[in-house]
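Raw contents of coords-v4.txt, compact mmCIF, C-alpha atoms:
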# COMPACT_ATOMS: atom_id res chain seq x y z
CA MET B 568 4.88 -0.25 29.67
CA ASN B 569 3.76 0.82 33.13
CA ASN B 570 0.52 -0.26 34.86
CA GLU B 571 -1.04 3.17 34.53
CA ASN B 572 -0.79 2.91 30.73
CA ASP B 573 -2.36 -0.55 30.78
CA ARG B 574 -5.51 0.99 32.20
CA LEU B 575 -6.01 3.39 29.28
CA PRO B 576 -9.24 2.37 27.55
CA TRP B 577 -9.16 1.37 23.85
CA LYS B 578 -12.62 2.18 22.57
CA LYS B 579 -14.51 3.73 19.67
CA TRP B 580 -14.74 7.50 19.26
CA GLU B 581 -18.41 7.49 20.26
CA ASP B 582 -17.63 5.76 23.55
CA TYR B 583 -15.01 8.17 24.94
CA GLU B 584 -15.76 11.12 27.18
CA LYS B 585 -15.52 14.33 25.09
CA GLU B 586 -14.12 17.79 25.69
CA ILE B 587 -14.60 20.83 23.47
CA ILE B 588 -11.75 23.32 23.18
CA SER B 589 -11.95 26.27 20.76
CA ASP B 590 -14.94 24.70 19.01
CA ARG B 591 -13.07 21.44 18.42
CA GLU B 592 -14.20 18.19 19.96
CA TYR B 593 -11.64 15.83 21.50
CA ALA B 594 -11.79 12.47 23.23
CA ARG B 595 -10.32 12.29 26.74
CA ILE B 596 -8.02 9.28 27.08
CA GLY B 597 -6.05 9.28 30.30
CA ASN B 598 -4.27 12.61 30.73
CA ARG B 599 -4.42 13.55 27.04
CA LEU B 600 -6.96 14.69 24.49
CA TYR B 601 -7.19 12.90 21.13
CA THR B 602 -8.53 14.24 17.84
CA ARG B 603 -11.16 12.12 16.14
CA HIS B 604 -8.61 11.39 13.41
CA ALA B 605 -6.13 10.02 15.98
CA VAL B 606 -8.79 7.91 17.73
CA GLU B 607 -10.01 6.40 14.45
CA ARG B 608 -6.48 5.59 13.31
CA SER B 609 -5.82 3.87 16.64
CA TYR B 610 -8.66 1.36 16.06
CA PRO B 611 -7.89 -2.35 15.60
CA ALA B 612 -7.22 -3.34 11.97
CA SER B 613 -10.46 -5.34 11.91
CA ILE B 614 -12.43 -2.09 11.95
CA GLY B 615 -10.17 -0.16 9.61
CA GLY B 616 -7.63 1.28 12.04
CA ARG B 617 -3.85 0.96 12.35
CA SER B 618 -4.05 -1.18 15.49
CA ILE B 619 -2.17 0.98 17.95
CA ALA B 620 -3.66 1.01 21.44
CA PRO B 621 -3.70 4.20 23.58
CA ALA B 622 -1.36 2.51 26.08
CA PHE B 623 1.23 2.12 23.34
CA ILE B 624 0.66 5.68 22.09
CA GLU B 625 1.24 6.93 25.64
CA GLU B 626 4.48 4.95 25.85
CA VAL B 627 5.80 6.47 22.60
CA VAL B 628 4.85 10.02 23.68
CA ARG B 629 6.60 9.54 27.02
CA THR B 630 9.71 7.73 25.92
CA GLY B 631 10.21 8.34 22.18
CA THR B 632 12.57 10.85 20.62
CA VAL B 633 10.99 14.25 19.98
CA ARG B 634 11.26 16.68 17.08
CA LYS B 635 9.39 19.97 16.89
CA VAL B 636 7.76 21.36 13.77
CA VAL B 637 5.59 24.41 13.18
CA VAL B 638 2.50 24.01 11.01
CA GLY B 639 0.25 27.01 10.44
CA ARG B 640 1.87 28.80 13.40
CA ILE B 641 1.06 25.87 15.68
CA GLU B 642 3.95 24.00 17.25
CA ARG B 643 3.66 20.25 16.97
CA LYS B 644 5.88 17.49 18.29
CA ILE B 645 6.73 14.28 16.45
CA HIS B 646 7.39 11.49 18.94
CA THR B 647 9.22 8.56 17.36
CA SER B 648 9.92 5.06 18.62
CA GLY B 649 10.98 2.50 16.01
CA THR B 650 8.54 2.75 13.09
CA VAL B 651 5.88 4.37 15.28
CA GLN B 652 5.30 8.10 15.11
CA ILE B 653 2.84 10.14 17.15
CA VAL B 654 2.10 13.80 16.44
CA THR B 655 1.00 15.98 19.34
CA GLU B 656 0.34 19.68 19.91
CA ASP B 657 -0.24 21.90 22.95
CA ASP B 658 2.98 20.62 24.54
CA GLY B 659 1.96 16.98 24.14
CA ASN B 660 -1.52 17.40 25.61
CA ILE B 661 -3.35 16.80 22.32
CA VAL B 662 -2.69 13.72 20.19
CA VAL B 663 -3.22 14.76 16.56
CA THR B 664 -2.37 11.60 14.62
CA VAL B 665 -0.76 8.18 15.09
CA ASN B 666 1.28 6.14 12.66
CA PRO B 667 2.62 2.67 13.36
CA PHE B 668 4.02 2.23 9.82
CA SER B 669 5.53 5.60 9.01
CA GLY B 670 9.05 4.26 9.08
CA GLY B 671 10.42 7.59 10.20
CA LYS B 672 11.88 8.30 6.73
CA LYS B 673 10.61 11.80 6.20
CA GLN B 674 10.87 12.99 9.77
CA MET H 1038 -1.84 -13.07 -7.71
CA ILE H 1039 -2.01 -9.32 -7.03
CA CYS H 1040 -5.37 -7.65 -7.46
CA GLN H 1041 -4.55 -5.97 -10.79
CA ASN H 1042 -7.68 -3.84 -10.90
CA ALA H 1043 -7.03 -2.43 -7.43
CA LEU H 1044 -3.46 -1.51 -8.35
CA LYS H 1045 -4.52 0.06 -11.64
CA ASN H 1046 -7.18 2.00 -9.76
CA LEU H 1047 -4.58 3.23 -7.29
CA LEU H 1048 -2.40 4.42 -10.17
CA THR H 1049 -5.36 6.43 -11.45
CA VAL H 1050 -5.94 7.88 -7.97
CA CYS H 1051 -2.26 8.92 -7.76
CA GLU H 1052 -2.58 10.63 -11.14
CA ARG H 1053 -5.73 12.45 -10.03
CA TYR H 1054 -3.93 13.62 -6.90
CA ARG H 1055 -0.98 14.85 -8.98
CA ASN H 1056 -3.48 16.80 -11.09
CA ARG H 1057 -4.94 18.25 -7.87
CA GLU H 1058 -8.33 16.68 -8.59
CA ILE H 1059 -8.53 15.01 -5.16
CA GLU H 1060 -7.31 15.79 -1.65
CA ILE H 1061 -4.67 13.89 0.31
CA GLU H 1062 -7.36 12.30 2.51
CA GLU H 1063 -8.89 10.48 -0.47
CA LEU H 1064 -5.47 9.42 -1.68
CA LYS H 1065 -4.56 8.02 1.74
CA THR H 1066 -7.82 6.07 1.95
CA SER H 1067 -7.20 4.55 -1.47
CA VAL H 1068 -3.60 3.56 -0.59
CA TRP H 1069 -4.74 1.98 2.68
CA GLU H 1070 -7.66 0.12 1.11
CA THR H 1071 -5.40 -1.26 -1.63
CA ALA H 1072 -2.93 -2.46 1.02
CA ARG H 1073 -5.79 -4.23 2.81
CA MET H 1074 -6.77 -6.05 -0.39
CA ILE H 1075 -3.32 -7.60 -0.65
CA THR H 1076 -3.56 -10.75 1.41
CA ASP H 1077 -1.15 -13.07 -0.42
CA VAL H 1078 1.92 -13.78 1.72
CA GLN H 1079 4.11 -13.47 -1.40
CA GLU H 1080 2.98 -9.88 -1.81
CA GLN H 1081 3.68 -8.90 1.78
CA GLY H 1082 6.48 -6.58 0.67
CA LEU H 1083 4.10 -4.59 -1.53
CA ARG H 1084 1.50 -4.45 1.24
CA ASN H 1085 4.06 -3.13 3.73
CA PHE H 1086 5.26 -0.59 1.18
CA LEU H 1087 1.72 0.73 0.71
CA ARG H 1088 1.07 0.87 4.46
CA GLN H 1089 4.28 2.78 5.01
CA ALA H 1090 3.48 5.18 2.15
CA GLU H 1091 0.08 5.87 3.69
CA GLY H 1092 1.72 6.54 7.06
CA GLU H 1093 4.22 8.92 5.47
CA LEU H 1094 1.42 10.78 3.67
CA ASP H 1095 -0.44 11.12 6.97
CA MET H 1096 2.68 12.50 8.65
CA ILE H 1097 3.13 15.01 5.84
CA GLN H 1098 -0.51 16.05 6.17
CA PHE H 1099 -0.08 16.90 9.84
CA THR H 1100 3.51 18.10 10.06
CA CYS H 1101 4.27 19.99 6.83
CA GLU H 1102 3.28 23.41 5.57
CA ASN H 1103 3.42 22.49 1.88
CA ILE H 1104 1.49 19.25 1.88
CA PHE H 1105 1.14 18.86 -1.89
CA GLU H 1106 4.77 19.58 -2.74
CA GLU H 1107 6.09 17.42 0.10
CA SER H 1108 3.87 14.50 -0.88
CA LEU H 1109 4.98 14.35 -4.53
CA GLU H 1110 8.08 12.34 -3.71
CA ILE H 1111 5.91 9.71 -1.99
CA ILE H 1112 3.58 9.66 -5.00
CA SER H 1113 6.51 9.09 -7.37
CA GLY H 1114 7.72 6.17 -5.26
CA LEU H 1115 4.19 4.78 -5.11
CA THR H 1116 3.52 4.93 -8.85
CA GLU H 1117 6.91 3.40 -9.62
CA LYS H 1118 6.31 0.52 -7.21
CA ILE H 1119 2.75 -0.12 -8.40
CA ALA H 1120 3.73 -0.01 -12.09
CA SER H 1121 6.51 -2.47 -11.39
CA ALA H 1122 4.12 -4.79 -9.48
CA ILE H 1123 1.61 -4.70 -12.34
CA GLU H 1124 4.34 -5.42 -14.87
CA ASP H 1125 5.78 -8.31 -12.84
CA ASP H 1126 2.34 -9.81 -12.43
CA SER H 1127 1.37 -9.50 -16.10
CA ALA H 1128 4.65 -11.21 -17.03
CA THR H 1129 3.66 -14.24 -14.98
CA VAL H 1130 3.34 -17.27 -17.22
CA THR H 1131 0.46 -19.59 -16.43
CA GLY H 1132 -0.79 -22.72 -18.14
CA ASN H 1133 -0.28 -26.44 -18.52
CA GLU H 1134 1.76 -28.91 -20.56
CA ARG H 1135 0.32 -27.93 -23.93
CA GLU H 1136 -0.69 -24.33 -23.41
CA MET H 1137 0.74 -21.23 -21.71
CA SER H 1138 -0.46 -17.67 -21.46
CA MET H 1139 0.79 -14.37 -20.10
CA ASN H 1140 -0.17 -10.67 -20.03
CA ASN H 1141 -3.61 -11.66 -18.76
CA GLY H 1142 -4.16 -13.97 -21.72
CA ASP H 1143 -3.09 -11.50 -24.43
CA ILE H 1144 -0.22 -13.80 -25.32
CA ARG H 1145 -1.02 -17.47 -25.84
CA ILE H 1146 1.31 -20.27 -26.81
CA TRP H 1147 -0.06 -23.72 -27.51
CA ILE H 1148 0.86 -27.04 -29.05
CA GLU H 1149 -1.33 -29.06 -31.38
CA PRO H 1150 0.33 -32.45 -31.84
CA ASP H 1151 -0.82 -32.91 -35.43
CA THR H 1152 -0.24 -29.41 -36.73
CA GLY H 1153 2.51 -27.74 -34.71
CA PHE H 1154 3.43 -25.04 -32.26
CA PHE H 1155 1.44 -21.76 -32.23
CA ILE H 1156 1.71 -18.31 -30.72
CA ARG H 1157 -0.91 -15.59 -30.70
CA ALA H 1158 -0.18 -12.12 -29.31
CA THR H 1159 -3.03 -9.65 -29.61
CA ALA H 1160 -4.25 -7.25 -26.95
CA GLU H 1161 -7.96 -7.14 -26.10
CA SER H 1162 -8.20 -3.92 -28.11
CA GLY H 1163 -6.81 -5.69 -31.19
CA ASP H 1164 -3.49 -3.85 -30.94
CA PRO H 1165 -0.13 -5.61 -30.78
CA VAL H 1166 1.01 -6.59 -27.30
CA ARG H 1167 3.58 -4.29 -25.71
CA LEU H 1168 6.16 -6.10 -23.59
CA SER H 1169 8.61 -4.82 -21.00
CA GLY H 1170 12.16 -6.18 -21.00
CA GLU H 1171 11.20 -8.48 -18.16
CA GLY H 1172 8.08 -9.60 -20.03
CA ALA H 1173 10.11 -10.31 -23.18
CA ARG H 1174 12.55 -12.45 -21.20
CA LYS H 1175 9.67 -14.37 -19.59
CA LEU H 1176 8.15 -14.92 -23.03
CA ALA H 1177 11.49 -16.19 -24.37
CA GLU H 1178 11.70 -18.62 -21.44
CA ALA H 1179 8.13 -19.79 -22.03
CA LEU H 1180 8.80 -20.28 -25.76
CA ALA H 1181 11.90 -22.36 -25.04
CA ILE H 1182 9.98 -24.54 -22.56
CA MET H 1183 7.09 -25.01 -24.97
CA ALA H 1184 9.49 -25.78 -27.86
CA ASP H 1185 11.03 -28.59 -25.78
CA ARG H 1186 7.55 -29.89 -24.95
CA ALA H 1187 6.51 -29.69 -28.60
CA ASP H 1188 9.57 -31.78 -29.51
CA GLU H 1189 8.70 -34.35 -26.83
CA ILE H 1190 5.07 -34.51 -27.88
CA GLY H 1191 6.11 -34.75 -31.56
CA ASN H 1192 8.48 -37.63 -30.80
CA VAL H 1193 5.80 -39.48 -28.82
CA HIS H 1194 3.28 -38.80 -31.56
CA GLN H 1195 5.66 -40.05 -34.32
CA ALA H 1196 6.50 -43.15 -32.29
CA ALA H 1197 2.79 -43.90 -31.92
CA VAL H 1198 2.25 -43.56 -35.69

Would you write out, as structure tokens, the structure that this file holds?
Amino acid sequence: MNNENDRLPWKKWEDYEKEIISDREYARIGNRLYTRHAVERSYPASIGGRSIAPAFIEEVVRTGTVRKVVVGRIERKIHTSGTVQIVTEDDGNIVVTVNPFSGGKKQ
Amino acid sequence: MICQNALKNLLTVCERYRNREIEIEELKTSVWETARMITDVQEQGLRNFLRQAEGELDMIQFTCENIFEESLEIISGLTEKIASAIEDDSATVTGNEREMSMNNGDIRIWIEPDTGFFIRATAESGDPVRLSGEGARKLAEALAIMADRADEIGNVHQAAV
């Protein structure tokens, strides 16, 4: 993982800077926007999340294998590294959901 | 021991999802919460299975057009695994030298040195106890063990008289 990734903050939804695009609110983490769903899933297990820090998410998006799907006319990318899967849209700019335990079976 | 009530509750939730009574979000929450309740190291396999199933459901939710249809295969795997875990757990024999029970106490085997070797098998509802093949084999094992103990206790008892 590079040093730039290490600096990505791992915080609660309320504590991130927000951006609104097409009436939807996103959290700004580094160079990407995260949905509230993705941020809440990234939380440490102790507060109900799947314990996957933004730095690790960034690493999977940058280096994982990519498969494209279209859902409701929106193109999404599934980035996979080991059992970790990250779903993005808008050419990787928006992180939609994160899954450290998906196993990659269905994708 | 697995939290039986949580697993039975999850089975009900899966059924409600199959009947389209609840959305995938509620199902996912229930799967995840059940996984979190499983803390016994021996049940780590089941916990990992549930966590993976929840992850797969989440992926379906965000990457598939036909969420319900695509999720049914996961639900089938889930219900099969949970039913098997409940069955395995209810077939666990617990007890001591003179008494054993299984199926959450519905089946009880005990030894009374003066009067003999007893078995009672009645469900809480008063109905007969239904056993799986695995449960029947565990019961047979428990009966054989208790029969040996009854013989030992009988011999000791006779010697004392």

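Every protein, DNA or RNA residue with an atom at most 7 Å from Ser669 (chain B), where all atoms listed in the file count and chain neighbours fewer than 2 positions away do not, is listed here: B:Thr650, B:Val651, B:Gln652, B:Asn666, B:Pro667, B:Gly671, H:Gln1089, H:Gly1092, H:Glu1093.
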
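Checking B:Val636, B:Phe668, B:Ser589, B:Ala620 one by one against Arg1088 (chain H), counting only C-alpha atoms, you find the shortest gap at B:Phe668.
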
### Task
Dump as an NGL selection string the residues of chain B that approach chain H to within 12 Å, counting all atoms listed in the file.
:B and (602 or 604-605 or 608 or 612-617 or 634-647 or 650-656 or 662-674)

### Non-local contacts of Ile1075 (chain H) (8 Å; only C-alpha atoms; under 2 positions in same chain excluded) as a list in words
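With the cut-off at 8 Å, the set is Ile1039, Cys1040, Thr1071, Ala1072, Arg1073, Asp1077, Glu1080, Gln1081 and Arg1084 of chain H.
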
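Distances from B:Tyr610, B:Gly659, B:Arg603, B:Val633 to Ile587 (chain B) were compared using all atoms listed in the file, and the smallest one belongs to B:Arg603.
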
### Query
Just how far from CA of Thr1049 (chain H) is CA of Ser1138 (chain H), in Å to one decimal?
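Between CA of Ser1138 (chain H) and CA of Thr1049 (chain H) the gap is 26.6 Å.
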
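Note that the spacing between CA of Arg1057 (chain H) and CA of Leu1044 (chain H) amounts to 19.8 Å.
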
### Message
So, with only C-alpha atoms as the atoms that count, which of H:Ser1108, H:Thr1076, H:Thr1116, H:Thr1066 lies closest to Lys1045 (chain H)?
### Response
H:Thr1116

### Message
Counting only C-alpha atoms, which residues sit no farther than 12 Å from the position (3.0, -28.2, -28.8) in the file's frame? I'd like them as a ChimeraX atom specification.
### Response
/H:1133-1137,1145-1156,1179-1194

### Query
Of the candidates B:Val606, B:Ile619, B:Leu575, B:Val628, which shows the shortest atom-to-atom distance to Glu592 (chain B), using only C-alpha atoms?
B:Val606

### Task
Find the residues near region 1162-1170 of chain H: any atom within 10 Å, counting all atoms listed in the file, skip ones fewer than 2 places away on the same chain, and give them as a PyMOL selection string.
chain H and resi 1124-1125+1127-1128+1140+1143-1144+1157-1160+1172-1176

### Task
Kindly give the distance, in Å, that separates CA of Leu1048 (chain H) and CA of Ala1120 (chain H), rounded to a single decimal.
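If I compute the distance from CA of Leu1048 (chain H) to CA of Ala1120 (chain H), I get 7.8 Å.
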
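For the set B:Ser618, B:Gly649, B:Glu607, B:Asp658, the residue with the smallest atom-to-atom gap to Thr630 (chain B) is B:Gly649, counting all atoms listed in the file.
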